[in-house]
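Shown next, in structure tokens, is the structure this report addresses.
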2 protein chains.
Amino acid sequence: MEFIIAQSIFSKGLSDVSKAVSSRTLLPILSGIKIVAEEDGITLIGSNSDIIIERTISVTDEKVEIHKTGSMVVSAKYLTDLVKKLPEQIHVKADNNQIHIQAGTISTKLSGIDAEEYPSIPIIVGDSIHISAEELKDAVKTTGFAATKNETRPVLTGVNLTFAENSFTSVATDSQRLAFKRSDIQSSGEGSFVVPKSSIDELAKLIKHYSGMVEIQSAEGYIHFKTDEISLYSRLIAGHYPDTSALIPNEVKTTLVLCKETLIKGIDRACLFAGEWKNNNVVLSINEQKLSISSGSSEMGSIEELQEIKAIEGESDLKISVDGHFLLDSLKTINDAEIKVKFSGSMKPIVIESAREESTYLHLISPVRSY
Amino acid sequence: MEFIIAQSIFSKGLSDVSKAVSSRTLLPILSGIKIVAEEDGITLIGSNSDIIIERTISVTDEKVEIHKTGSMVVSAKYLTDLVKKLPEQIHVKADNNQIHIQAGTISTKLSGIDAEEYPSIPIIVGDSIHISAEELKDAVKTTGFAATKNETRPVLTGVNLTFAENSFTSVATDSQRLAFKRSDIQSSGEGSFVVPKSSIDELAKLIKHYSGMVEIQSAEGYIHFKTDEISLYSRLIAGHYPDTSALIPNEVKTTLVLCKETLIKGIDRACLFAGEWKNNNVVLSINEQKLSISSGSSEMGSIEELQEIKAIEGESDLKISVDGHFLLDSLKTINDAEIKVKFSGSMKPIVIESAREESTYLHLISPVRSY
């Protein structure tokens, strides 16, 4: 294997795939990155037991020039750190379980492992689903936060992506809160998958600056997200994702329209006084046609503030305690300047939606008892 | 106590003095900030057993308006976090061991403690030394890194500041490396003080954007640094600071002039291969009239690079091993684009100086055995 590559391209590629590499792996070869040089370009692969990231750098980019095909596995940590610190043009050459990396007057040697020993990548064939990267990233952002970190119900640690003929829905819940988003898409394939939250977050980071289409395929417990340059394979979470549609209250007593930024600031302040208290309790109520946000502990002190209500519909008698951090998590994923908060009684979940008519997301937060 | 104050001023002041406050204190009152309102302004005080920071906000700034004098101690953490999150104008009022803070429609109460119980500040009278803040900050930056973190010789955990009639010197050493800086100043007072590295770092941060004069006084094991707005009192380290002048090699075999930035990059790369090895060994030698920087371990691999030498004086036969991280620590504090590195033999310390004639700093690093 021998090739010449631009430092910036090589460094970006290594840093992308090394996100799947853990230094605490049982299989030592998985602490490495597999480099494959073929006639048409370079492929970099990093993986752990849950996720595989593959990055291709094509010779048509003119940033890479293949002199000799071949492959080798090299320590992810050392290689990534080294290439980051090298100047522009890099000459890579493998022989005798060593990789020689030359850049200007800098010569380095790193130990390598035979690439034949690297685990093979799942072969996924079958129907493809196509979705725009923007749609996918938006869904992950607006719903992913609600997945649980608690492993007792593994299926809830994932995000449930469902593709139907004309729609795409994304759902996550930790059983105390729920986030839901639905969009209209044109897709050839169908399917419902529970993808680990960590994998979907990694995907969102990898395609952060990409705005084309993402191809999705699934087989044998794996899902494969693919763009021109990046592939991410993730293990799926087995099990039946609960039907969450029944949780949404259908009888609304009060609907408030509020300014999102102002509300975030108020809840954030109230959390200061609720932080060390049970459930981060923040009390929302209506006081003189304003929204009162309050919290406090007998030890530290208390806070109360009044915020303008942009519009109110239904009863103005309202008092409910919610986990302030749950409310902040939800509000921070929302792009809209104005939001609707719907109340159905002090023991029923509150619903947060966009104030726009065509809104497609919905967040639901269960109240906490305040005594 | 009652006053009105601009949020930005109050928040900055609280954040400055809270740097001295530790939440893990044996005296609960020291986890608070003492607020004193007098006719002429507000004083904020935070402290621990080693350091006291005092910030004054004068009424002449028109950012504070005193309604009633008085004082109170309030939890540093809660007060600082809260004020950071409040809007512009803040109304503070104390009564019955509580402090009421009002900003717009936001009302908060925080528990307070009687300020009478707060420890008193050392009273320091006597000769003053005056030094420009720039001179002091520069000395701290260029020497402080060499102080040791190892508590077995407490005096070496400090920076030795010595003021003579016309000069100011700053010295720090951990016995493997030494940093020294000397400047000419006009001062009325004299004295030599060993100031804890942590205190002097805190001072440098507090006066980061200040360019006036700093007044220094000392008494009863304390040193007091003072500007118009900020006072920092630090405990001094007791004990005799060693005479370090004898450590500087007086017979130089080779002097190299090198580009600092290029050298930093080279040493940084070499450290990658030396990091997990004994003493971060990096080998410097002269090879074909270039500086060779190399390191390596049999397990991971190796690196060698050649760098231009801007000028050479003396013997060109040279090979020495040094701790690469020590070299980086030193180089990173230097403002000059070109530096002189002086070698006196493979078992003698190397000396780093500015390539400029009027240079006033000197760094010394002991070699490490390489076998």
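Following the order of the structure tokens, chains are lettered A, B, ..., residues in each are numbered from 1, and ligands are numbered from 1.
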Neighbours of chain A in chain B at 9 Å, counting only C-alpha atoms, as a VMD selection string: chain B and resid 75 78 81 to 82 85 to 86 98 104 to 112 265 to 266 268 to 269 272 to 273 296 299 to 307
Preceding selection exported with N, CA and C atoms as a short mmCIF file (atom, residue, chain, number, x, y, z; two decimals), in the first residue's frame:
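part28.cif, written as the output of this step:
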```
data_model
loop_
_atom_site.label_atom_id
_atom_site.label_comp_id
_atom_site.auth_asym_id
_atom_site.auth_seq_id
_atom_site.Cartn_x
_atom_site.Cartn_y
_atom_site.Cartn_z
N SER B 75 -24.48 32.83 50.11
CA SER B 75 -23.88 31.70 49.37
C SER B 75 -23.27 32.15 48.04
N TYR B 78 -24.87 30.19 44.82
CA TYR B 78 -26.23 30.57 44.42
C TYR B 78 -26.29 32.01 43.93
N ASP B 81 -24.45 32.42 40.46
CA ASP B 81 -25.23 31.80 39.37
C ASP B 81 -26.50 32.59 39.09
N LEU B 82 -27.16 33.05 40.15
CA LEU B 82 -28.42 33.78 39.96
C LEU B 82 -28.18 35.10 39.24
N LYS B 85 -27.77 35.22 35.60
CA LYS B 85 -28.95 34.94 34.78
C LYS B 85 -30.03 36.02 34.89
N LEU B 86 -29.72 37.13 35.56
CA LEU B 86 -30.74 38.17 35.71
C LEU B 86 -30.59 39.25 34.63
N GLN B 98 -32.01 37.43 55.44
CA GLN B 98 -32.38 37.07 54.08
C GLN B 98 -31.99 38.22 53.17
N GLY B 104 -36.72 43.46 37.46
CA GLY B 104 -37.95 43.43 36.65
C GLY B 104 -39.04 42.70 37.42
N THR B 105 -39.66 41.72 36.77
CA THR B 105 -40.74 40.99 37.45
C THR B 105 -40.22 39.76 38.18
N ILE B 106 -38.89 39.69 38.34
CA ILE B 106 -38.29 38.53 38.99
C ILE B 106 -37.96 38.86 40.44
N SER B 107 -38.54 38.10 41.39
CA SER B 107 -38.26 38.31 42.81
C SER B 107 -37.62 37.07 43.39
N THR B 108 -36.49 37.24 44.07
CA THR B 108 -35.88 36.08 44.71
C THR B 108 -35.49 36.41 46.14
N LYS B 109 -35.44 35.36 46.95
CA LYS B 109 -34.96 35.47 48.32
C LYS B 109 -33.85 34.45 48.50
N LEU B 110 -32.75 34.86 49.14
CA LEU B 110 -31.68 33.91 49.45
C LEU B 110 -31.36 34.04 50.94
N SER B 111 -31.07 32.91 51.59
CA SER B 111 -30.68 32.96 52.99
C SER B 111 -29.33 33.66 53.12
N GLY B 112 -29.16 34.42 54.19
CA GLY B 112 -27.88 35.09 54.42
C GLY B 112 -27.36 34.77 55.81
N LYS B 265 6.16 22.98 17.17
CA LYS B 265 5.44 21.96 16.40
C LYS B 265 6.22 20.64 16.36
N GLY B 266 7.53 20.74 16.19
CA GLY B 266 8.36 19.54 16.12
C GLY B 266 8.38 18.79 17.45
N ASP B 268 6.19 18.96 19.80
CA ASP B 268 4.82 18.47 20.03
C ASP B 268 4.61 17.14 19.31
N ARG B 269 5.05 17.04 18.06
CA ARG B 269 4.95 15.77 17.31
C ARG B 269 5.78 14.68 17.99
N LEU B 272 4.30 12.88 20.94
CA LEU B 272 3.30 11.84 20.65
C LEU B 272 3.91 10.46 20.83
N PHE B 273 5.16 10.30 20.43
CA PHE B 273 5.80 9.00 20.46
C PHE B 273 6.55 8.78 21.78
N GLY B 296 10.77 7.82 20.19
CA GLY B 296 10.16 6.56 19.75
C GLY B 296 10.16 5.54 20.84
N GLU B 299 7.46 -0.33 20.93
CA GLU B 299 6.09 -0.81 20.71
C GLU B 299 5.34 -0.04 19.63
N MET B 300 5.31 1.29 19.79
CA MET B 300 4.41 2.10 18.96
C MET B 300 5.00 2.51 17.63
N GLY B 301 6.28 2.91 17.64
CA GLY B 301 6.88 3.40 16.42
C GLY B 301 7.82 4.54 16.74
N SER B 302 8.19 5.32 15.74
CA SER B 302 9.18 6.37 15.98
C SER B 302 8.97 7.53 15.03
N ILE B 303 9.59 8.65 15.38
CA ILE B 303 9.51 9.84 14.54
C ILE B 303 10.87 10.51 14.50
N GLU B 304 11.24 11.05 13.37
CA GLU B 304 12.42 11.90 13.31
C GLU B 304 12.15 13.01 12.32
N GLU B 305 12.51 14.24 12.69
CA GLU B 305 12.39 15.32 11.72
C GLU B 305 13.59 16.23 11.80
N LEU B 306 13.83 16.93 10.69
CA LEU B 306 14.97 17.84 10.61
C LEU B 306 14.46 19.27 10.47
N GLN B 307 15.01 20.17 11.28
CA GLN B 307 14.58 21.57 11.20
C GLN B 307 15.77 22.45 10.89
#
```
For Ser285 in chain A, please output as a ChimeraX atom specification all residues within 7 Å (counting only C-alpha atoms; exclusion window: fewer than 2 positions along the same chain). /A:283,287,291-293,318-320
From the DSSP assignment of the backbone, select every residue of range 121-275 of chain A that is strand (DSSP E), and format the answer as number ranges by chain. A: 129-132, 158-163, 167-173, 177-184, 191-196, 213-219, 222-226, 230-235, 254-259
Closest atom pairs, residues of range 192-274 of chain A within 7 Å of range 51-73 of chain A, only C-alpha atoms, as CSV:
```
residue,atom,partner,partner_atom,distance
A:Ser199,CA,A:Ile51,CA,6.8
A:Glu229,CA,A:Thr56,CA,5.2
A:Ile230,CA,A:Arg55,CA,4.7
A:Ser231,CA,A:Glu54,CA,4.9
A:Leu232,CA,A:Ile53,CA,4.6
A:Tyr233,CA,A:Ile52,CA,5.0
A:Ser234,CA,A:Ile51,CA,4.5
A:Arg235,CA,A:Ile51,CA,6.3
```
Just the selected residues (C-alpha atoms), exported as a short mmCIF file (atom, residue, chain, number, x, y, z; two decimals), in the first residue's frame, please.
```
data_model
loop_
_atom_site.label_atom_id
_atom_site.label_comp_id
_atom_site.auth_asym_id
_atom_site.auth_seq_id
_atom_site.Cartn_x
_atom_site.Cartn_y
_atom_site.Cartn_z
CA SER A 199 -25.47 5.98 17.02
CA GLU A 229 -18.55 9.88 1.49
CA ILE A 230 -19.71 8.48 4.80
CA SER A 231 -21.30 5.18 5.82
CA LEU A 232 -22.52 4.47 9.34
CA TYR A 233 -23.64 0.99 10.30
CA SER A 234 -25.37 0.69 13.66
CA ARG A 235 -26.66 -2.27 15.58
#
```
Would you kindly return, as a ChimeraX atom specification, each protein, DNA or RNA residue with an atom no farther than 7 Å from any atom of Ser183 in chain B, considering only C-alpha atoms and excluding same-chain residues fewer than 5 positions away? /B:167-169,360
Measuring between only C-alpha atoms, which one of B:Gln89, B:Ser346, B:Ser366, B:Thr80 shows the shortest distance to Ile4 in chain B?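 Under the stated criterion, the closest residue is B:Gln89.
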Could you pull the residues within 8 Å of range 326-328 of chain B, counting only C-alpha atoms, minus those fewer than 6 positions along the same chain, as an MDAnalysis selection string? chainID B and resid 177 264 267:268 365
Check the DSSP output for the backbone and give back, as a list of chain:residue names, the residues of range 190-249 of chain A in helix (DSSP H, G or I).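 In range 190-249 of chain A, DSSP puts these residues in helix (DSSP H, G or I): A:Lys197, A:Ser198, A:Ser199, A:Ile200, A:Asp201, A:Glu202, A:Leu203, A:Ala204, A:Lys205, A:Leu206, A:Ser245, A:Ala246, A:Leu247.
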Could the residues in this selection be written to a file with C-alpha atoms, as a tab-separated table (two decimals), in the first residue's frame?
```
chain	number	residue	atom	x	y	z
A	197	LYS	CA	-29.40	7.19	20.70
A	198	SER	CA	-25.58	7.23	20.64
A	199	SER	CA	-25.47	5.98	17.02
A	200	ILE	CA	-28.00	8.49	15.78
A	201	ASP	CA	-26.15	11.31	17.56
A	202	GLU	CA	-22.90	10.20	15.93
A	203	LEU	CA	-24.63	10.16	12.54
A	204	ALA	CA	-25.97	13.68	13.07
A	205	LYS	CA	-22.44	14.89	13.87
A	206	LEU	CA	-20.93	13.15	10.82
A	245	SER	CA	-50.00	7.70	20.74
A	246	ALA	CA	-52.38	6.93	23.64
A	247	LEU	CA	-50.25	9.04	26.03
```
Do you know which residues are at most 10 Å from Val155 in chain B counting only C-alpha atoms, after dropping those on the same chain fewer than 6 positions away, and could you put them as a ChimeraX atom specification? /B:147-148,172-174,194-196,236-242
Give me the residues near Phe163 in chain B as an MDAnalysis selection string, where near means some atom within 9 Å (using only C-alpha atoms) and where sequence neighbours in that chain fewer than 4 positions away do not count. chainID B and resid 129 167:170 185 187 189:193
Take the residues just selected and output them with all heavy atoms as a PDB file, in the first residue's frame.
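Just written: part-v2.pdb:
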```pdb
ATOM      1  N   ILE B 129       5.455  48.732  47.417  1.00  0.00           N
ATOM      2  CA  ILE B 129       6.226  48.571  46.187  1.00  0.00           C
ATOM      3  C   ILE B 129       5.243  48.809  45.049  1.00  0.00           C
ATOM      4  O   ILE B 129       4.087  48.375  45.136  1.00  0.00           O
ATOM      5  CB  ILE B 129       6.816  47.146  46.114  1.00  0.00           C
ATOM      6  CG1 ILE B 129       7.786  46.916  47.270  1.00  0.00           C
ATOM      7  CG2 ILE B 129       7.455  46.886  44.762  1.00  0.00           C
ATOM      8  CD1 ILE B 129       8.102  45.460  47.536  1.00  0.00           C
ATOM      9  N   SER B 167      15.457  46.791  40.492  1.00  0.00           N
ATOM     10  CA  SER B 167      15.157  45.593  39.709  1.00  0.00           C
ATOM     11  C   SER B 167      14.090  44.727  40.346  1.00  0.00           C
ATOM     12  O   SER B 167      13.820  44.802  41.555  1.00  0.00           O
ATOM     13  CB  SER B 167      16.436  44.769  39.530  1.00  0.00           C
ATOM     14  OG  SER B 167      16.739  44.116  40.746  1.00  0.00           O
ATOM     15  N   PHE B 168      13.478  43.932  39.509  1.00  0.00           N
ATOM     16  CA  PHE B 168      12.458  42.981  39.950  1.00  0.00           C
ATOM     17  C   PHE B 168      12.809  41.637  39.326  1.00  0.00           C
ATOM     18  O   PHE B 168      12.982  41.549  38.108  1.00  0.00           O
ATOM     19  CB  PHE B 168      11.079  43.478  39.484  1.00  0.00           C
ATOM     20  CG  PHE B 168      10.010  42.426  39.460  1.00  0.00           C
ATOM     21  CD1 PHE B 168       9.758  41.632  40.589  1.00  0.00           C
ATOM     22  CD2 PHE B 168       9.231  42.225  38.333  1.00  0.00           C
ATOM     23  CE1 PHE B 168       8.763  40.668  40.572  1.00  0.00           C
ATOM     24  CE2 PHE B 168       8.231  41.263  38.307  1.00  0.00           C
ATOM     25  CZ  PHE B 168       8.009  40.482  39.423  1.00  0.00           C
ATOM     26  N   THR B 169      12.964  40.599  40.138  1.00  0.00           N
ATOM     27  CA  THR B 169      13.212  39.283  39.564  1.00  0.00           C
ATOM     28  C   THR B 169      12.143  38.304  40.023  1.00  0.00           C
ATOM     29  O   THR B 169      11.599  38.405  41.117  1.00  0.00           O
ATOM     30  CB  THR B 169      14.596  38.697  39.960  1.00  0.00           C
ATOM     31  OG1 THR B 169      14.647  38.655  41.389  1.00  0.00           O
ATOM     32  CG2 THR B 169      15.732  39.505  39.423  1.00  0.00           C
ATOM     33  N   SER B 170      11.846  37.373  39.132  1.00  0.00           N
ATOM     34  CA  SER B 170      10.863  36.334  39.409  1.00  0.00           C
ATOM     35  C   SER B 170      11.522  35.000  39.091  1.00  0.00           C
ATOM     36  O   SER B 170      12.125  34.848  38.032  1.00  0.00           O
ATOM     37  CB  SER B 170       9.646  36.593  38.521  1.00  0.00           C
ATOM     38  OG  SER B 170       8.701  35.565  38.676  1.00  0.00           O
ATOM     39  N   ILE B 185      13.051  48.146  37.244  1.00  0.00           N
ATOM     40  CA  ILE B 185      11.901  48.962  37.647  1.00  0.00           C
ATOM     41  C   ILE B 185      12.373  50.042  38.604  1.00  0.00           C
ATOM     42  O   ILE B 185      13.460  49.956  39.172  1.00  0.00           O
ATOM     43  CB  ILE B 185      10.803  48.134  38.366  1.00  0.00           C
ATOM     44  CG1 ILE B 185      11.354  47.418  39.616  1.00  0.00           C
ATOM     45  CG2 ILE B 185      10.142  47.134  37.435  1.00  0.00           C
ATOM     46  CD1 ILE B 185      10.269  46.985  40.579  1.00  0.00           C
ATOM     47  N   SER B 187      11.428  51.444  42.088  1.00  0.00           N
ATOM     48  CA  SER B 187      10.527  51.129  43.194  1.00  0.00           C
ATOM     49  C   SER B 187      11.047  51.721  44.484  1.00  0.00           C
ATOM     50  O   SER B 187      12.246  51.853  44.698  1.00  0.00           O
ATOM     51  CB  SER B 187      10.386  49.625  43.348  1.00  0.00           C
ATOM     52  OG  SER B 187       9.536  49.351  44.431  1.00  0.00           O
ATOM     53  N   GLY B 189      10.128  50.423  47.534  1.00  0.00           N
ATOM     54  CA  GLY B 189      10.300  49.384  48.550  1.00  0.00           C
ATOM     55  C   GLY B 189      11.168  48.231  48.090  1.00  0.00           C
ATOM     56  O   GLY B 189      11.522  48.115  46.921  1.00  0.00           O
ATOM     57  N   GLU B 190      11.553  47.400  49.043  1.00  0.00           N
ATOM     58  CA  GLU B 190      12.339  46.214  48.729  1.00  0.00           C
ATOM     59  C   GLU B 190      11.743  45.007  49.441  1.00  0.00           C
ATOM     60  O   GLU B 190      10.983  45.156  50.405  1.00  0.00           O
ATOM     61  CB  GLU B 190      13.790  46.410  49.192  1.00  0.00           C
ATOM     62  CG  GLU B 190      14.492  47.523  48.441  1.00  0.00           C
ATOM     63  CD  GLU B 190      15.996  47.529  48.683  1.00  0.00           C
ATOM     64  OE1 GLU B 190      16.483  46.638  49.409  1.00  0.00           O
ATOM     65  OE2 GLU B 190      16.665  48.422  48.136  1.00  0.00           O
ATOM     66  N   GLY B 191      12.095  43.819  48.984  1.00  0.00           N
ATOM     67  CA  GLY B 191      11.618  42.627  49.676  1.00  0.00           C
ATOM     68  C   GLY B 191      11.669  41.417  48.770  1.00  0.00           C
ATOM     69  O   GLY B 191      11.749  41.535  47.552  1.00  0.00           O
ATOM     70  N   SER B 192      11.659  40.240  49.388  1.00  0.00           N
ATOM     71  CA  SER B 192      11.658  38.992  48.621  1.00  0.00           C
ATOM     72  C   SER B 192      10.561  38.091  49.187  1.00  0.00           C
ATOM     73  O   SER B 192      10.504  37.873  50.402  1.00  0.00           O
ATOM     74  CB  SER B 192      13.030  38.320  48.732  1.00  0.00           C
ATOM     75  OG  SER B 192      13.035  37.143  47.952  1.00  0.00           O
ATOM     76  N   PHE B 193       9.673  37.599  48.326  1.00  0.00           N
ATOM     77  CA  PHE B 193       8.481  36.866  48.776  1.00  0.00           C
ATOM     78  C   PHE B 193       8.307  35.586  47.975  1.00  0.00           C
ATOM     79  O   PHE B 193       8.508  35.579  46.768  1.00  0.00           O
ATOM     80  CB  PHE B 193       7.227  37.725  48.589  1.00  0.00           C
ATOM     81  CG  PHE B 193       7.389  39.147  49.046  1.00  0.00           C
ATOM     82  CD1 PHE B 193       7.559  40.174  48.127  1.00  0.00           C
ATOM     83  CD2 PHE B 193       7.399  39.452  50.403  1.00  0.00           C
ATOM     84  CE1 PHE B 193       7.724  41.487  48.547  1.00  0.00           C
ATOM     85  CE2 PHE B 193       7.575  40.762  50.835  1.00  0.00           C
ATOM     86  CZ  PHE B 193       7.743  41.790  49.904  1.00  0.00           C
TER      87      PHE B 193
END
```
